[in-house]
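Enquirer: Next up is a structure, given as structure tokens.
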Amino acid sequence: MIVIHAPASIRHEPTGYFRRGQTIPHPEQAERYRILRGAAEGAGHALAEAADHGIEPLRAVHTDSYLDLLRTAWGRKDELPGIGEEILTGHFARPQMQARPEGLLGLLGYHMADTSTPIRAGTWEAIHGSAQAAVTAADAVLEHGAAYALCRPPGHHAYADSAGGFCFLNNTAIAAERLLAKTGGPIAILDIDVHHGNGTQGIFYGRGDVLTVSVHADPANYFPFYAGYASETGEGAGEGANLNLPLAHGSGDDAWLGTIAEGLHRIAAFRPAALVVALGFDASEHDPIGALKVTTVGFRAAARAIAAAHATVLLVQEGGYLCDALPQNLVAFLVAFEAARRGYARRRPPGWLRGR
Ligand SMILES: [Zn+2]
């Protein structure tokens with residue numbers, strides 16, 4: 001498996017995170033990058049650094065004003081007397097408050113959903129690098145049929161103009177746009193992170209050229225709370241091109257895999273030119289902030305099902321937090337995915353692995 005990564009990923013190092021009434025160590029640590037990279041390398045996969053494709057692939061998804069803010073915020077820190085090692089606000093615009101203020105704290109609250117996305121000295125370099133890994137891996141997929149983008153920080157909670165849920169730039173959506181532009185589409189996204197891919201849904205909600213499918217823990221009492229319900233099916237040209245498959249908390253392998261199969265069935269009917277998988281490992285039974293009970297055996301089975309679903313598959317790293325199972329599940333997934341691809345390639349006509 002080709003693994004595309006960005007060493008700049010480690011430059012965003014948030015420390016504390018306010019969760020359930022107390023400040024805990026931030027779950028989305030730079031250490032995740034080192035562990036995932038080390039696991040992939042140790043399992044013998046070919047690692048390659050992301051190329052810098054510049055700002056244009058990011059502009060295909062995000063607004064200029066939002067990108068400008070992310071890029072310039074740390075340089076404006078002296079506007080905030082007494083600021084520490086990170087810029088973070090606790091004030092957020094409600095839907096009925098429409099003004100976009102000039103001041104830095106107000107701007108951050110306008111473009112953020114919560115307190116999980118502080119901006120620090122290296123944040124822009126890290127999120128830019130993570131997005132470039134997605135773009136580079138999308139290009140690699142068109143050449144090789146499959147690739148894994150080791151994106152950190154993750155992206156699927158980021159909307160076109162807002163951060164939240166540890167995410168700033170929507171790497172999965174950026175990769176999907178890249179594949180759409182290069183193949184003519186349509187493109188399907190399958191999100192198997194334990195949290196609903198609300199940002200990705202929001203970005204493509206009114207469009208019919210990208211199908212978004214998300215398998216996740218029921219958001220009725222779980223992040224992202226305000227999206228992720230089965231009733232959300234898309235709007236306008238996108239009506240019918242969004243499928244949410246929420247699962248009861250505590251669900252294990254059987255329910256999770258059955259629901260993924262349902263999502264893949266919908267994707268097959270859509271006949272996409274490529275499949276992008278938002279690959280979170282926080283559905284694991286051992287994840288520190290997870291809500292499902294998926295085992296390593298379950299991740300292997302999911303990998304086989306996804307490998308069988310399409311000839312052109314891009315895996316984009318999303319969530320999955322520090323525990324011994326995190327690197328184990330990545331390695332198990334990649335090994336099973338590659339083995340299944342080789343098996344299907346043998347049974348299918350020549351050219352299958354190059355796309356359809
Ligand atoms: Zn997640």
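Letters A, B, ... go to the chains of the structure tokens in the order shown; residues in each chain start at 1; ligands are counted from 1 in the same order.
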If you count only C-alpha atoms and all ligand atoms, which residues end up within 12 Å of ligand 1, as a PyMOL selection string?

Expert: chain A and resi 27-28+153-157+164-167+191-199+214-217+219+222-224+278-284+287-292+317-321

Enquirer: Would you pick out the contacts of stretch 109-123 of chain A at 9 Å or less, using only C-alpha atoms, so that residues sharing its chain but fewer than 6 positions from it are not included, and give the list as an NGL selection string?

Expert: :A and (8-14 or 16-18 or 26 or 28 or 66 or 69-71 or 73-75 or 85-94 or 98-101 or 158 or 161-168)

Enquirer: Only N, CA and C atoms, please: the residues just picked out, written as a tab-separated table (two decimals), in the first residue's frame.

Expert:
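Saved to selection-v3.tsv:
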chain	number	residue	atom	x	y	z
A	8	ALA	N	4.95	17.70	8.47
A	8	ALA	CA	4.46	18.91	9.15
A	8	ALA	C	3.26	18.61	10.05
A	9	SER	N	2.67	17.43	9.90
A	9	SER	CA	1.52	17.05	10.73
A	9	SER	C	1.77	17.23	12.22
A	10	ILE	N	3.01	17.06	12.65
A	10	ILE	CA	3.30	17.12	14.09
A	10	ILE	C	3.34	18.56	14.62
A	11	ARG	N	3.25	19.55	13.73
A	11	ARG	CA	3.45	20.93	14.20
A	11	ARG	C	2.23	21.52	14.92
A	12	HIS	N	1.09	20.84	14.86
A	12	HIS	CA	-0.08	21.26	15.64
A	12	HIS	C	-0.15	20.36	16.87
A	13	GLU	N	0.15	20.95	18.04
A	13	GLU	CA	0.21	20.15	19.27
A	13	GLU	C	-0.69	20.74	20.34
A	14	PRO	N	-2.00	20.54	20.22
A	14	PRO	CA	-2.91	21.06	21.25
A	14	PRO	C	-2.67	20.31	22.57
A	16	GLY	N	-4.70	20.91	26.09
A	16	GLY	CA	-5.90	20.57	26.85
A	16	GLY	C	-7.17	20.59	26.00
A	17	TYR	N	-8.17	19.87	26.46
A	17	TYR	CA	-9.46	19.81	25.76
A	17	TYR	C	-10.56	19.77	26.81
A	18	PHE	N	-11.52	20.67	26.69
A	18	PHE	CA	-12.62	20.77	27.65
A	18	PHE	C	-13.69	19.75	27.28
A	26	HIS	N	-5.64	16.75	25.34
A	26	HIS	CA	-6.33	16.77	24.04
A	26	HIS	C	-6.17	15.40	23.35
A	28	GLU	N	-6.56	14.56	20.28
A	28	GLU	CA	-6.02	14.59	18.91
A	28	GLU	C	-4.58	15.09	18.97
A	66	TYR	N	-12.29	31.87	5.09
A	66	TYR	CA	-11.95	30.88	6.12
A	66	TYR	C	-10.48	30.46	6.01
A	69	LEU	N	-8.23	33.18	7.29
A	69	LEU	CA	-8.21	33.25	8.76
A	69	LEU	C	-7.29	32.17	9.34
A	70	LEU	N	-7.44	30.93	8.86
A	70	LEU	CA	-6.59	29.85	9.38
A	70	LEU	C	-5.12	30.13	9.13
A	71	ARG	N	-4.82	30.71	7.96
A	71	ARG	CA	-3.44	30.95	7.57
A	71	ARG	C	-2.81	32.10	8.34
A	73	ALA	N	-4.12	33.67	11.36
A	73	ALA	CA	-4.54	33.91	12.75
A	73	ALA	C	-3.36	33.98	13.72
A	74	TRP	N	-2.43	33.03	13.62
A	74	TRP	CA	-1.32	33.03	14.59
A	74	TRP	C	-0.47	34.29	14.44
A	75	GLY	N	-0.28	34.75	13.23
A	75	GLY	CA	0.49	35.96	13.00
A	75	GLY	C	-0.16	37.22	13.58
A	85	GLU	N	0.03	30.20	24.46
A	85	GLU	CA	0.59	29.41	23.36
A	85	GLU	C	-0.45	29.01	22.32
A	86	GLU	N	-1.70	29.35	22.60
A	86	GLU	CA	-2.70	29.06	21.58
A	86	GLU	C	-3.82	30.10	21.60
A	87	ILE	N	-4.43	30.28	20.44
A	87	ILE	CA	-5.56	31.19	20.33
A	87	ILE	C	-6.82	30.35	20.30
A	88	LEU	N	-7.73	30.68	21.18
A	88	LEU	CA	-8.96	29.91	21.28
A	88	LEU	C	-10.03	30.83	21.86
A	89	THR	N	-11.23	30.71	21.35
A	89	THR	CA	-12.30	31.50	21.90
A	89	THR	C	-13.33	30.60	22.56
A	90	GLY	N	-14.10	31.16	23.44
A	90	GLY	CA	-15.20	30.43	24.05
A	90	GLY	C	-16.54	31.02	23.63
A	91	HIS	N	-16.49	31.89	22.60
A	91	HIS	CA	-17.71	32.56	22.14
A	91	HIS	C	-18.00	32.13	20.71
A	92	PHE	N	-19.20	31.65	20.48
A	92	PHE	CA	-19.53	31.11	19.17
A	92	PHE	C	-20.82	31.73	18.64
A	93	ALA	N	-20.82	32.03	17.33
A	93	ALA	CA	-22.00	32.61	16.71
A	93	ALA	C	-23.12	31.58	16.68
A	94	ARG	N	-24.32	32.00	16.99
A	94	ARG	CA	-25.49	31.16	16.83
A	94	ARG	C	-26.06	31.40	15.43
A	98	GLN	N	-25.66	36.89	12.56
A	98	GLN	CA	-25.10	36.79	11.21
A	98	GLN	C	-23.86	37.63	10.96
A	99	ALA	N	-23.53	38.58	11.84
A	99	ALA	CA	-22.43	39.50	11.55
A	99	ALA	C	-21.08	38.79	11.67
A	100	ARG	N	-20.18	39.09	10.70
A	100	ARG	CA	-18.81	38.57	10.76
A	100	ARG	C	-17.92	39.70	11.26
A	101	PRO	N	-17.45	39.60	12.52
A	101	PRO	CA	-16.70	40.72	13.11
A	101	PRO	C	-15.28	40.81	12.58
A	158	ALA	N	-14.97	19.30	9.51
A	158	ALA	CA	-14.80	20.67	9.00
A	158	ALA	C	-15.74	20.93	7.83
A	161	ASP	N	-16.60	26.49	5.67
A	161	ASP	CA	-16.12	27.70	6.34
A	161	ASP	C	-16.05	27.56	7.85
A	162	SER	N	-15.92	26.34	8.35
A	162	SER	CA	-15.80	26.25	9.81
A	162	SER	C	-15.06	24.99	10.27
A	163	ALA	N	-14.38	25.16	11.41
A	163	ALA	CA	-13.65	24.08	12.07
A	163	ALA	C	-14.51	23.51	13.19
A	164	GLY	N	-14.11	22.37	13.71
A	164	GLY	CA	-14.81	21.77	14.85
A	164	GLY	C	-14.43	20.31	14.97
A	165	GLY	N	-14.62	19.74	16.14
A	165	GLY	CA	-14.36	18.32	16.32
A	165	GLY	C	-12.95	17.91	15.94
A	166	PHE	N	-11.96	18.72	16.33
A	166	PHE	CA	-10.52	18.50	16.07
A	166	PHE	C	-10.14	18.76	14.61
A	167	CYS	N	-11.08	19.16	13.74
A	167	CYS	CA	-10.84	19.25	12.30
A	167	CYS	C	-10.85	20.70	11.81
A	168	PHE	N	-9.93	21.02	10.89
A	168	PHE	CA	-9.83	22.36	10.31
A	168	PHE	C	-10.13	22.32	8.81

Enquirer: Kindly give the distance, in Å, that separates atom CA of A:Ala274 and atom CA of A:Gly185, rounded to a single decimal.

Expert: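 About the pair atom CA of A:Ala274 and atom CA of A:Gly185: they are 7.5 Å apart.
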
Enquirer: What does the distance between atom CA of A:Leu107 and atom CA of A:Arg76 come to in Å, to one decimal place?

Expert: 11.8 Å

Enquirer: Can you pull out the residues contacting A:Ala336? Cut-off 7 Å, using only C-alpha atoms, and skip same-chain residues under 6 positions away; I want them as a ChimeraX atom specification.

Expert: /A:300,303-304

Enquirer: When DSSP works through the backbone of this structure, what residues of stretch 111-290 of chain A end up as alpha helix (DSSP H), shown as a count of residues only?

Expert: 60

Enquirer: Check the DSSP output for the backbone and give back, as a PyMOL selection string, the residues of stretch 51-278 of chain A in strand (DSSP E).

Expert: chain A and resi 146-150+187-191+210-217+242-247+274-278

Enquirer: Any chance you can output those residues with N, CA and C atoms as a compact mmCIF listing (two decimals), in the first residue's frame?

Expert:
# COMPACT_ATOMS: atom_id res chain seq x y z
N ALA A 146 -5.16 2.30 -5.50
CA ALA A 146 -5.43 2.45 -4.07
C ALA A 146 -4.29 3.20 -3.41
N ALA A 147 -4.59 3.89 -2.34
CA ALA A 147 -3.57 4.58 -1.54
C ALA A 147 -4.18 4.91 -0.18
N TYR A 148 -3.30 5.13 0.78
CA TYR A 148 -3.71 5.52 2.13
C TYR A 148 -3.11 6.89 2.44
N ALA A 149 -3.97 7.86 2.69
CA ALA A 149 -3.53 9.20 3.08
C ALA A 149 -3.51 9.27 4.60
N LEU A 150 -2.30 9.37 5.16
CA LEU A 150 -2.17 9.47 6.62
C LEU A 150 -2.38 10.93 7.02
N ILE A 187 -18.35 10.66 -7.58
CA ILE A 187 -17.50 10.14 -6.52
C ILE A 187 -18.37 9.74 -5.33
N ALA A 188 -18.01 8.64 -4.69
CA ALA A 188 -18.71 8.24 -3.47
C ALA A 188 -17.77 8.33 -2.28
N ILE A 189 -18.32 8.74 -1.14
CA ILE A 189 -17.57 8.78 0.12
C ILE A 189 -18.25 7.86 1.12
N LEU A 190 -17.49 6.96 1.71
CA LEU A 190 -17.99 6.12 2.80
C LEU A 190 -17.22 6.49 4.06
N ASP A 191 -17.92 6.99 5.06
CA ASP A 191 -17.30 7.43 6.31
C ASP A 191 -17.59 6.40 7.39
N VAL A 210 -21.48 13.92 -5.78
CA VAL A 210 -20.73 13.24 -4.72
C VAL A 210 -21.74 12.62 -3.74
N LEU A 211 -21.72 11.31 -3.66
CA LEU A 211 -22.60 10.60 -2.71
C LEU A 211 -21.88 10.50 -1.37
N THR A 212 -22.53 10.92 -0.30
CA THR A 212 -21.93 10.82 1.03
C THR A 212 -22.73 9.80 1.86
N VAL A 213 -22.00 8.80 2.37
CA VAL A 213 -22.59 7.75 3.22
C VAL A 213 -21.80 7.72 4.52
N SER A 214 -22.49 7.77 5.64
CA SER A 214 -21.79 7.76 6.93
C SER A 214 -22.39 6.70 7.85
N VAL A 215 -21.52 5.85 8.40
CA VAL A 215 -21.89 4.82 9.39
C VAL A 215 -21.29 5.27 10.71
N HIS A 216 -22.12 5.52 11.71
CA HIS A 216 -21.60 6.15 12.93
C HIS A 216 -22.50 5.88 14.13
N ALA A 217 -21.99 6.21 15.32
CA ALA A 217 -22.79 6.07 16.54
C ALA A 217 -23.89 7.13 16.55
N ASN A 242 -27.27 11.62 0.04
CA ASN A 242 -26.68 11.57 1.39
C ASN A 242 -27.39 10.47 2.17
N LEU A 243 -26.62 9.57 2.73
CA LEU A 243 -27.19 8.45 3.48
C LEU A 243 -26.53 8.37 4.84
N ASN A 244 -27.32 8.56 5.89
CA ASN A 244 -26.82 8.40 7.25
C ASN A 244 -27.32 7.11 7.85
N LEU A 245 -26.40 6.33 8.41
CA LEU A 245 -26.72 5.04 8.99
C LEU A 245 -26.25 5.00 10.44
N PRO A 246 -27.00 5.66 11.35
CA PRO A 246 -26.59 5.68 12.75
C PRO A 246 -26.81 4.34 13.44
N LEU A 247 -25.92 4.02 14.37
CA LEU A 247 -25.95 2.75 15.10
C LEU A 247 -26.15 3.01 16.58
N ALA A 274 -14.79 6.63 -8.40
CA ALA A 274 -13.83 6.30 -7.33
C ALA A 274 -14.55 6.35 -6.00
N LEU A 275 -13.99 5.61 -5.04
CA LEU A 275 -14.55 5.58 -3.68
C LEU A 275 -13.52 6.15 -2.71
N VAL A 276 -13.94 7.12 -1.91
CA VAL A 276 -13.09 7.69 -0.86
C VAL A 276 -13.63 7.19 0.48
N VAL A 277 -12.75 6.60 1.29
CA VAL A 277 -13.16 6.09 2.60
C VAL A 277 -12.62 7.01 3.68
N ALA A 278 -13.51 7.61 4.46
CA ALA A 278 -13.10 8.38 5.64
C ALA A 278 -12.86 7.37 6.74

Enquirer: Restricting the calculation to only C-alpha atoms, which member of A:Ile260, A:Ala269, A:Ala309, A:Val335 is positioned closest to A:Thr296?

Expert: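 Of all the options, A:Val335 lies closest to A:Thr296.
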